[in-house]
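Working notes, structure below.
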Amino acid sequence: MTSVRSLLTKPWIWSFIGALLVWLATIAFTGGYGGGGMVTAALSLAVFTVIVGVGQMFVITLGPGNVDLSLPANIGLASAVAMKVMDGNDSMIAVGLLAALACGAAIGAANYLLIWALRIPPIIATLSASFIIQSIDISYGRGLQIKPPPGFADFANWQVLGIPVLAILTVLFTVGAAIALQRMIYGRSVLAIGQNIRAAWLAGVNVGRIRFLTYTLSGALGGIDGALLAGYFRGANVDIGNEYLLASIAVVVIGGTSVAGGKANVPGVWGAALFLVLLLTMLNTFGVSAGVRLLLTGLIIVGVITAAGGQKALR
Amino acid sequence: MPRGNADIIRLNGAEKHFGAVRALGGVDFHVGPGECVGLVGHNGAGKSTLMHMVAGTLVPDSGQIGVHGDIEDNYSVSRAQQLGIRCVFQELSLCPNLNVAENTRINHASLRGFGWRRKAAELIAAKLDEIFPGHSISASDIVGDLSIGRRQMVEVARAFTVTQDRLDLVILDEPTSSLDAHTAGQLLAFVRRFVAGGKSCILISHVLGEVLRNADRIVVMRDGKVVVADAATAFDRNRLVTAMGGAEARQKIAAQIAAAKPAASPLRVRARPAAQKDGTDLVACAGEIIGLAGLAGHGQTDLLLAIFSGASRARAGIEVTAPVALVAGDRQSDGIFPQWSIAENIGIRSLARLRSGLLISPQREAELAAFWQKKIGIRTPDMNNNIFSLSGGNQQKALFARALGSDAQIVLMDDPMRGVDIGTKLEVYDLVREEAARGRTFLWYTTETEELDNCDHIYVFKNGRIVANLRRDELTEEKIIQSSFGDAA
Amino acid sequence: TSGKKIAFSNNYAGNSWRQAMLDSYGIVTKKAVADKVVGAADIFTTADKEVPTQAAQVQNLILQGYDAIVINAASPDALNGAIKQACDAGITVVSFDGTVTEPCAYRVVVDFKDMGKQEVEQMAKFQPKGGNLLEIRGLAGTSIDDAIHAGILEGVAAHPEFKIVGSVTGDWDQTTAQKAVATILPSLPDIVGVVDQGGDGYGAAQAFAAAGKPRPTIIMGNRQDELQWWKEQKDKDGYQTWSASIAPGVSSLAFWVAQQVLDGRTDIPHDLLVPYLAFTQDDFEAELPKIPKGGVASHEYTQEDAIAAIKANIK
Amino acid sequence: MRPEMTAASLDTAARTSAERGALARARLLRGLLPALSLALVLLAIAWLNPRAISYFGFSLMLNLAIPIALATIAQMFVIAGNELDLSIGTFVGFVGCVTATWLKDAPLIGVAILLGSIGIYALLGALIHLRNLPSIVVTLGMSFVWQGLAILVLPKPGGKAPDWLLGLMAFKPPFVPFPIIAALLIGLIVHFGLMRTSYGVILRGSGGNPAALGRAGWSLLRTKIVLFALAGLFGVLSGMALIGITTSADANIGNGYTLLAIAGVILGGGEFVGGRVSPIGAVIGALTLALAASPLLTFMHIPPDWQVAANGAILIIVLAARVLISRKER
Ligand SMILES: Nc1ncnc2c1ncn2[C@@H]1O[C@H](COP(=O)(O)OP(=O)(O)OP(=O)(O)O)[C@@H](O)[C@H]1O
Ligand SMILES: Nc1ncnc2c1ncn2[C@@H]1O[C@H](COP(=O)(O)OP(=O)(O)OP(=O)(O)O)[C@@H](O)[C@H]1O
Ligand SMILES: [Mg+2]
Ligand SMILES: [Mg+2]
């Protein structure tokens with residue numbers, strides 16, 4: 001009983017409860033039909049949100065105003081880079097992934113360069129950067145849908161007992177991210193900067209380096225995500241990352257990370273990503289019109305966050 | 001209770017719990033008209049909590065509040081305001097984005113309508129002139145641009161401004177903690193005039209001399225209870241310290257220091273203030289305690305920050321040869337990580353040493369925290385509690401623990417004793433001397449002259465420059481004041 | 001008209017259709033300028049399909065002193081204010097694809113409603129027994145989506161053997177479509193056919209494959225990857241379907257219409273109906289090699305084509 | 001024994017008044033930065049297309065900046081209370097749809113819907129305060145709600161703005177173009193309300209130090225409700241102004257305003273936390289964005305592939321110019 005109660009105080013539990021409720025509502029509607037398939041589909045799709053969500057989480061944790069709005073453009077460009085490098089060739093998969101990673105990391109580093117050298121607020125720096133990246137992508141990819149090599153496409157769709165392998169790998173990755181956040185100097189430094197950048201500096205945290213690393217990490221994760229998305233959706237395209245502008249922020253905050261900075265948690269990103277996909281599943285299954293679907297999506301998000309409630313402020 | 005000479009405020013059996021912590025355990029407290037009540041007690045004794053009840057910002061779990069002889073059932077801030085009770089809180093309560101006049105408006109619901117800005121500006125300017133002659137603060141200054149000392153001045157002056165509500169009692173919770181000796185003197189002189197005019201005041205301070213000299217009656221708190229309350233004349237320093245408990249046997253301030261110091265210890269810091277034209281350097285060697293004195297805001301903190309950043313990257317005029325840690329005085333903006341536990345707040349400066357392998361070991365972190373909790377006496381049932389569950393002074397102790405528990409050989413202290421109680425101060429003085437004897441170097445900026453007794457060397461600052469370099473045996477308060485006010489060299 | 005300046009106002013460039021549209025336009029106008037048919041033909045593109053940005057763009061083109069504006073509008077009605085200002089300034093406005101309702105403008109229209117109806121007619125040929133259909137809709141709140149949807153409903157009404165059992169929003173985007181289909185598939189009964197709006201057929205096919213469901217008849221949208229997939233299936237087991245979409249090269253037709261108006265022709269109707277571009281089982285393979293990899297089938301119009309189209313529309 | 005040394009402290013006063021002069025200059029410069037950015041963009045436009053600098057030119061270039069300025073002001077109220085509104089764009093779209101339908105066909109119901117939506121904004125403020133919720137998530141959820149409602153009100157583009165609104169937005173005053181007058185009016189009115197009135201101080205204080213405000217007896221619930229209601233009000237004005245210009249509506253019409261409004265507030269010298277905002281700055285920021293994003297771009301004749309990039313580059317250059325100036329000041 002007490003363990004249940006202590007579980008309920010965890011900020012991330014609400015996103016999982018929300019996901020569970022939405023799933024139950026859906027299979028109640030179909031009379032239990034297709035419940036397993038929905039979970040499989042949700043896991044496959046949530047993976048992509050989780051990967052960018054983790055990067056966005058570290059950025060948002062750096063404190064008010066920190067956010068990476070360049071992720072959609074980044075994902076789009078990296079997907080094109082990965083597919084062009086792979087060029088439908090199974091032997092080039094690893095090289096393509098590395099290229100996407102490098103492309104994303106370079107974008108992240110450039111973002112921080114703008115923020116640092118020109119003292120531009122991150123929200124505007126990354127927004128401006130995203131315009132530039134989009135242009136690069138259009139002129140590089142010409143808006144063409146470039147196909148992945150068959151081996152990579154199969155890998156992106158590979159399932160074991162109905163569980164996507166990509167999801168398993170992503171779980172491992174998020175465990176690593178959670179450890180980095182709570183138990184490594186890097187994560188502690190991010191949390192410190194998010195709470196009070198000046199105090200962090202005076203406590204010996206290398207503020208500049210940690211911020212640089214964080215934006216680069218977010219960019220690199222966007223890059224990898226772009227490559228994986230192109231594999232899963234069978235082709236790179238400029239718009240492939242569009243929905244992750246809002247989704248990456250949404251999973252972070254619905255998952256219980258504080259937008260005021262300095263407080264983050266990784267499990268919540270998973271919970272919130274599953275919640276959002278299952279919500280889409282539910283509304284598609286109910287067969288409501290687009291207007292009603294959007295309306296219900298919004299009301300349910302507000303409802304879940306209200307039920308979860310905020311943290312009591314100290315003093 | 002007859003209305004004629006009724007107490008301004010009376011609390012009976014006030015109790016307050018914060019979770020497991022009992023902050024107040026049945027306190028009786030009252031203030032009469034025309035008296036200045038001194039309130040002292042160790043860090044976490046419950047002084048600020050008690051004052052929050054008086055000011056209406058916290059509601060007691062049980063107990064009664066009476067004001068001007070009437071029992072108040074729905075006591076609140078605005079009710080207190082109507083009844084003539086104001087409070088200067090320990091944590092600064094100004095809005096940094098507003099200017100001084102606008103901050104004044106916040107405390108006066110009646111300052112509105114046409115011309116309120118002018119009225120507010122005149123009101124606060126007049127009060128500042130009255131309390132702190134020569135204060136150099138303008139009503140149009142944005143509070144965020146002011147130094148912490150000036151902010152404290154504004155807040156104090158604001159509490160004494162009167163519009164339509166009456167003013168009977170002003171609570172001053174550690175009002176002098178960020179003021180230099182000169183300004184603190186101005187404030188206390190004003191308090192005496194205020195009380196002489198028939199009004200009342202509650203004065204909380206860890207500088208016992210201030211309380212002894214200015215209060216009519218002194219109330220001593222300990223662990224959430226009032227232990228003694230008596231006329232000020234019935235106390236002396238010893239009796240106060242004894243009543244507060246914890247520091248009974250500790251009266252040997254600065255008796256025997258620097259007895260056996262190695263003759264030629266290695267240089268640790270050589271620094272020249274940016275404004276220094278005459279080539280004077282601040283020099284600190286291993287094992288030395290260096291004092292930085294002078295009026296508040298004359299470049300001491302700037303030099304400490306310059307030395308701090310000089311440790312990680314080359315800076316002109318600064319030479320630092322060992323790792324540096326800093327104890328912040330303005331703990332809200334420079335020290336505390338508000339989301340974290342006490343243990344995490346202490347460990348942040350020592351993360352590299354708390355690792356086993358790549359990961360930070362929670363066990364070692366807890367050990368470090370437990371060690372310093374004991375050594376420096378941080379009052380809390382659990383070091384995993386949030387840092388804000390500590391009283392102001394205990395938060396400051398955690399910042400000391402952060403610096404002293406680190407691998408830093410040079411410790412910079414930026415007026416670090418703000419809000420620290422006398423018992424702890426004495427312990428920290430000993431600790432600093434002990435660590436210095438082991439070879440650590442301390443650079444210690446302080447606004448409390450008596451703390452300079454602990455230093456080997458004192459540099460006096462004025463207008464961002466070093467104007468005097470005194471050995472400890474040359475040190476007297478007159479000399480410091482003389483150099484602080486004298487012509488710049 | 002050798003001294004006349006024609007501007008092209010476009011609101012998005014990030015997908016293969018738009019790229020093909022820009023390409024066709026570029027090829028035709030460069031030649032027209034070189035041949036001194038018109039003085040200048042500049043292209044202006046804004047990001048992200050935003051109505052207010054495009055409205056501002058049109059207003060700025062007025063200031064630039066162009067004689068005609070060819071526009072692919074972000075909204076049929078919401079740009080009317082700006083279009084009217086242009087007309088009032090004596091500028092000829094020709095809209096296509098995203099047409100505008102302002103009466104003073106010319107519209108090069110494709111009969112989207114008929115296209116939707118044809119989808120069901122064709123489906124009836126491939127699935128004479130009828131059965132369950134899944135509908136993938138376009139961007140919610142747009143007129144094209146509305147028109148195609150209305151056509152599909154009309155078709156289904158004419159063919160009661162079909163029943164639409166699920167409807168999702170695909171935003172004309174392969175990724176979004178695939179995701180939406182993936183979330184609804186687990187809960188759907190067996191599907192015999194997918195009716196869509198073009199550009200999303202390939203994503204739907206992927207979603208069916210990933211969910212392990214049998215392959216239905218999917219109406220395609222003239223993109224290279226759709227036709228390629230069609231060919232693969234046809235080679236495998238004689239799979240049959242139909243493909244239709246508006247040709248991106250209709251931009252060049254719009255250009256010639258503008259040129260003709262500037263040339264002083266006053267008999268041109270304001271609404272010009274042009275056929276959509278459809279491929280059948282017999283002719284799609286011939287077209288396939290002509291489409292760039294990852295691109296979309298197109299057709300460039302000549303001045304003669306335009307004159308012929310105008311003539312066909314004069315009743 | 002604390003000597004009162006008045007002569008000596010006068011000396012301190014002299015020192016600090018010089019210091020204060022420097023501070024005041026720095027603050028003034030910081031306050032002027034948004035205006036400088038705007039001037040920079042205008043100069044570039046004048047150089048590229050002198051024809052644009054005219055009564056007709058300004059009317060055309062700036063009229064779509066009015067709804068942006070209003071949305072920016074709405075966002076500014078929310079930011080002043082340390083919150084962020086991710087729904088303002090879709091809210092503007094929703095208002096637009098209502099304006100083009102109900103407000104024209106059944107004005108009373110239309111007015112009731114718009115007032116009700118301002119009420120919902122106020123309720124959101126209350127909810128956020130009472131449950132201590134992160135405004136970003138709540139408004140993110142609301143952005144879907146508004147967009148859903150917009151599509152339900154107007155399933156496909158269309159509708160028509162009420163005639164009085166069309167007349168108002170097409171108003172041609174003598175000498176000074178209407179958008180400039182409107183921008184001035186918006187900036188000055190909001191400046192007066194937020195920066196000069198006594199309750200404006202309380203509203204800004206609630207962002208600067210909410211705890212202190214609570215300790216002084218002010219209701220933080222009330223300040224939050226007022227700030228959100230004002231955001232709703234200006235959101236409504238923005239949606240109506242937008243439809244007055246475009247003449248008819250589209251459910252997706254306002255989507256881009258969310259980011260534009262945030263960028264405008266920041267460009268205008270506002271900060272995300274601490275109640276530091278400037279209404280005049282916000283209006284100027286919105287005008288700068290509107291000019292830089294479209295007219296400047298259109299006049300520059302950039303190859304189509306790179307037009308979107310130029311949009312980003314202009315933003316960066318405008319902000320970087322500010323940095324160069326504020327660097328000097330240090
Ligand atoms: N001189 C200073 N005074 C006050 N705050 C400072 C100062 N220098 C740096 N800071 C704080 O630290 C933050 C980061 O500064 P900076 O990037 O120089 O640190 P850093 O790169 O970690 O330093 P270093 O390279 O010395 O390790 C600043 O945003 C500021 O809040
Ligand atoms: N918001 C709170 N949550 C939890 N505990 C609290 C809170 N406020 C105060 N306390 C606890 O109540 C006790 C009394 O604190 P209080 O601030 O009144 O002490 P104080 O006498 O003012 O000390 P100091 O001299 O250090 O300011 C302390 O043990 C403190 O930790
Ligand atoms: Mg206290
Ligand atoms: Mg002091």
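The way I read the labels, and the way they are meant: chains A, B, ... in the order of the structure tokens, residue 1 as the first residue of every chain, and ligand 1 as the first ligand shown, with later ones counted on from there.
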
Chain A residues near chain D (7 Å cut-off, only C-alpha atoms) as a PyMOL selection string: chain A and resi 64-65+118-120+124+128-129+131-132+135+138-139+250+253-254+291-295+297-299+301-302+306+309-311

Determine which residues of range 50-296 of chain C receive a DSSP assignment of alpha helix (DSSP H), computed from the backbone, and state them as number ranges by chain. C: 51-64, 80-88, 112-126, 143-158, 174-184, 201-210, 224-237, 250-262, 284-287

Set the distance at 12 Å and use only C-alpha atoms: which residues neighbour Gly238 in chain C once local chain neighbours fewer than 4 positions away are removed? I'd like the list as number ranges by chain. C: 126, 217, 230-234, 281-282

At a cut-off of 6 Å and counting only C-alpha atoms and all ligand atoms, what residues surround ligand 4? Please answer as a ChimeraX atom specification. /B:176-180,418,447-448

Atom-to-atom span, CA of Ile378 in chain B and CA of Asp421 in chain B, Å: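 Those two atoms sit 11.8 Å apart.
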
Within-9 Å residues of ligand 3, basis only C-alpha atoms and all ligand atoms, as a compact mmCIF listing (two decimals) with C-alpha atoms, in the first residue's frame:
# COMPACT_ATOMS: atom_id res chain seq x y z
CA ASN B 43 19.77 28.71 13.45
CA GLY B 44 16.51 26.87 13.09
CA ALA B 45 15.28 27.85 16.55
CA GLY B 46 12.01 29.00 14.99
CA LYS B 47 12.45 32.79 15.01
CA SER B 48 11.47 33.36 11.42
CA THR B 49 8.58 30.92 11.67
CA MET B 51 7.55 36.09 12.84
CA PHE B 89 11.46 39.10 6.01
CA GLN B 90 14.76 37.32 6.25
CA GLU B 91 14.64 36.35 2.58
CA ASP B 173 14.30 39.64 10.65
CA GLU B 174 18.09 39.91 10.41
CA ILE B 204 16.21 39.51 15.13
CA SER B 391 16.43 27.57 8.26
CA GLY B 392 18.41 30.36 6.64
CA GLY B 393 21.49 29.89 8.78
CA GLY B 419 22.42 34.76 9.09

Any idea what's packed within 10 Å of Trp201 in chain A, counting only C-alpha atoms, ignoring anything in its chain fewer than 6 positions away? Could you give it as a list of chain:residue names?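 My reading of the contact set: A:Ser189, A:Ala192, A:Ile193, A:Val207, A:Gly208, B:Phe308, B:Ser309, B:Asp334, B:Gly335.
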
Preceding selection exported with N, CA, C and O atoms as a short mmCIF file (atom, residue, chain, number, x, y, z; two decimals), in the first residue's frame:
data_model
loop_
_atom_site.label_atom_id
_atom_site.label_comp_id
_atom_site.auth_asym_id
_atom_site.auth_seq_id
_atom_site.Cartn_x
_atom_site.Cartn_y
_atom_site.Cartn_z
N SER A 189 25.41 18.05 -13.56
CA SER A 189 25.74 19.41 -13.96
C SER A 189 24.58 20.05 -14.70
O SER A 189 24.27 21.23 -14.50
N ALA A 192 22.08 21.05 -12.21
CA ALA A 192 22.52 22.22 -11.45
C ALA A 192 22.33 23.50 -12.26
O ALA A 192 21.80 24.50 -11.78
N ILE A 193 22.75 23.45 -13.53
CA ILE A 193 22.63 24.65 -14.37
C ILE A 193 21.16 25.04 -14.51
O ILE A 193 20.81 26.22 -14.47
N VAL A 207 30.06 25.43 -17.01
CA VAL A 207 28.76 25.75 -17.61
C VAL A 207 28.80 25.72 -19.13
O VAL A 207 27.96 25.08 -19.78
N GLY A 208 29.80 26.37 -19.68
CA GLY A 208 29.87 26.46 -21.14
C GLY A 208 29.94 25.08 -21.78
O GLY A 208 29.22 24.79 -22.73
N PHE B 308 38.08 33.70 -8.75
CA PHE B 308 37.40 32.44 -9.02
C PHE B 308 37.49 32.09 -10.50
O PHE B 308 37.84 30.97 -10.88
N SER B 309 37.21 33.07 -11.38
CA SER B 309 37.27 32.71 -12.80
C SER B 309 38.72 32.60 -13.26
O SER B 309 39.00 31.88 -14.22
N ASP B 334 23.43 32.90 -5.50
CA ASP B 334 24.77 32.39 -5.83
C ASP B 334 25.05 30.99 -5.29
O ASP B 334 26.10 30.42 -5.59
N GLY B 335 24.17 30.45 -4.48
CA GLY B 335 24.59 29.23 -3.81
C GLY B 335 23.64 28.05 -3.90
O GLY B 335 24.04 26.94 -4.25
#

Looking at A:Ala200, A:Leu101, A:Ala46, A:Ile133, which one is nearest to ligand 1, with distances taken over only C-alpha atoms and all ligand atoms?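 Once distances to ligand 1 are computed over only C-alpha atoms and all ligand atoms, the minimum belongs to A:Ala200.
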
Give as an MDAnalysis selection string every residue of chain C that touches chain D within 7 Å, counting only C-alpha atoms. chainID C and resid 43:47 50:53 56:57 59:60 63 75:82 141:143 146

How would the residues just chosen look if you wrote them out with C-alpha atoms as a PDB file, in the first residue's frame?
ATOM      1  CA  ILE C  43       9.653  32.584 -57.858  1.00  0.00           C
ATOM      2  CA  PHE C  44       8.843  33.445 -54.237  1.00  0.00           C
ATOM      3  CA  THR C  45       8.486  30.709 -51.676  1.00  0.00           C
ATOM      4  CA  THR C  46       7.476  31.015 -48.027  1.00  0.00           C
ATOM      5  CA  ALA C  47       7.849  28.329 -45.406  1.00  0.00           C
ATOM      6  CA  GLU C  50       1.172  29.794 -43.542  1.00  0.00           C
ATOM      7  CA  VAL C  51      -1.736  31.935 -44.746  1.00  0.00           C
ATOM      8  CA  PRO C  52      -0.706  35.269 -43.190  1.00  0.00           C
ATOM      9  CA  THR C  53       2.847  34.940 -44.488  1.00  0.00           C
ATOM     10  CA  ALA C  56       2.030  39.448 -46.751  1.00  0.00           C
ATOM     11  CA  GLN C  57       4.043  38.071 -49.636  1.00  0.00           C
ATOM     12  CA  GLN C  59       1.131  42.430 -50.751  1.00  0.00           C
ATOM     13  CA  ASN C  60       4.865  42.814 -51.157  1.00  0.00           C
ATOM     14  CA  LEU C  63       4.741  46.796 -54.099  1.00  0.00           C
ATOM     15  CA  SER C  75      -6.121  28.924 -48.418  1.00  0.00           C
ATOM     16  CA  PRO C  76      -8.925  29.386 -50.938  1.00  0.00           C
ATOM     17  CA  ASP C  77     -10.632  32.166 -49.005  1.00  0.00           C
ATOM     18  CA  ALA C  78      -8.269  33.605 -46.455  1.00  0.00           C
ATOM     19  CA  LEU C  79      -6.032  35.140 -49.113  1.00  0.00           C
ATOM     20  CA  ASN C  80      -8.924  36.949 -50.762  1.00  0.00           C
ATOM     21  CA  GLY C  81      -8.098  40.220 -49.032  1.00  0.00           C
ATOM     22  CA  ALA C  82      -4.612  40.299 -50.473  1.00  0.00           C
ATOM     23  CA  GLY C 141      -9.882  22.159 -42.863  1.00  0.00           C
ATOM     24  CA  THR C 142      -8.775  22.560 -46.494  1.00  0.00           C
ATOM     25  CA  SER C 143     -11.013  22.709 -49.537  1.00  0.00           C
ATOM     26  CA  ASP C 146     -13.219  18.472 -48.565  1.00  0.00           C
TER      27      ASP C 146
END

Atom pair CA of Leu77 in chain A + CA of Gln134 in chain A, distance 7.2 Å

Set the cut-off to 12 Å, count only C-alpha atoms and all ligand atoms, and list whatever residues fall near ligand 1 as a PyMOL selection string. (chain A and resi 62-63+112-113+115-117+119+121+189-190+192-213) or (chain B and resi 301-315+324+333-334)

Once you count only C-alpha atoms, which residues of chain B turn out to be within 8 Å of chain A? Could you give them as a count of residues only? 20

If you count only C-alpha atoms and all ligand atoms, the residue of B:Ala398, B:Val154, B:Ala139, B:Val21 closest to ligand 2 turns out to be B:Val21

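Taking CA of Ile60 in chain A and CA of Leu114 in chain A as endpoints, the distance between them is 17.2 Å.
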
Give the answer as one residue: which of B:Gly149, B:Pro362, B:Gly66, B:Gly144 has the shortest atom-to-atom distance to chain D, using only C-alpha atoms?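 Looking only at the distances to chain D, the closest residue turns out to be B:Gly144.
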
Between B:Ala468, B:Ala23, B:Val207, B:Cys201, single out the one closest to ligand 2, counting only C-alpha atoms and all ligand atoms. B:Ala23
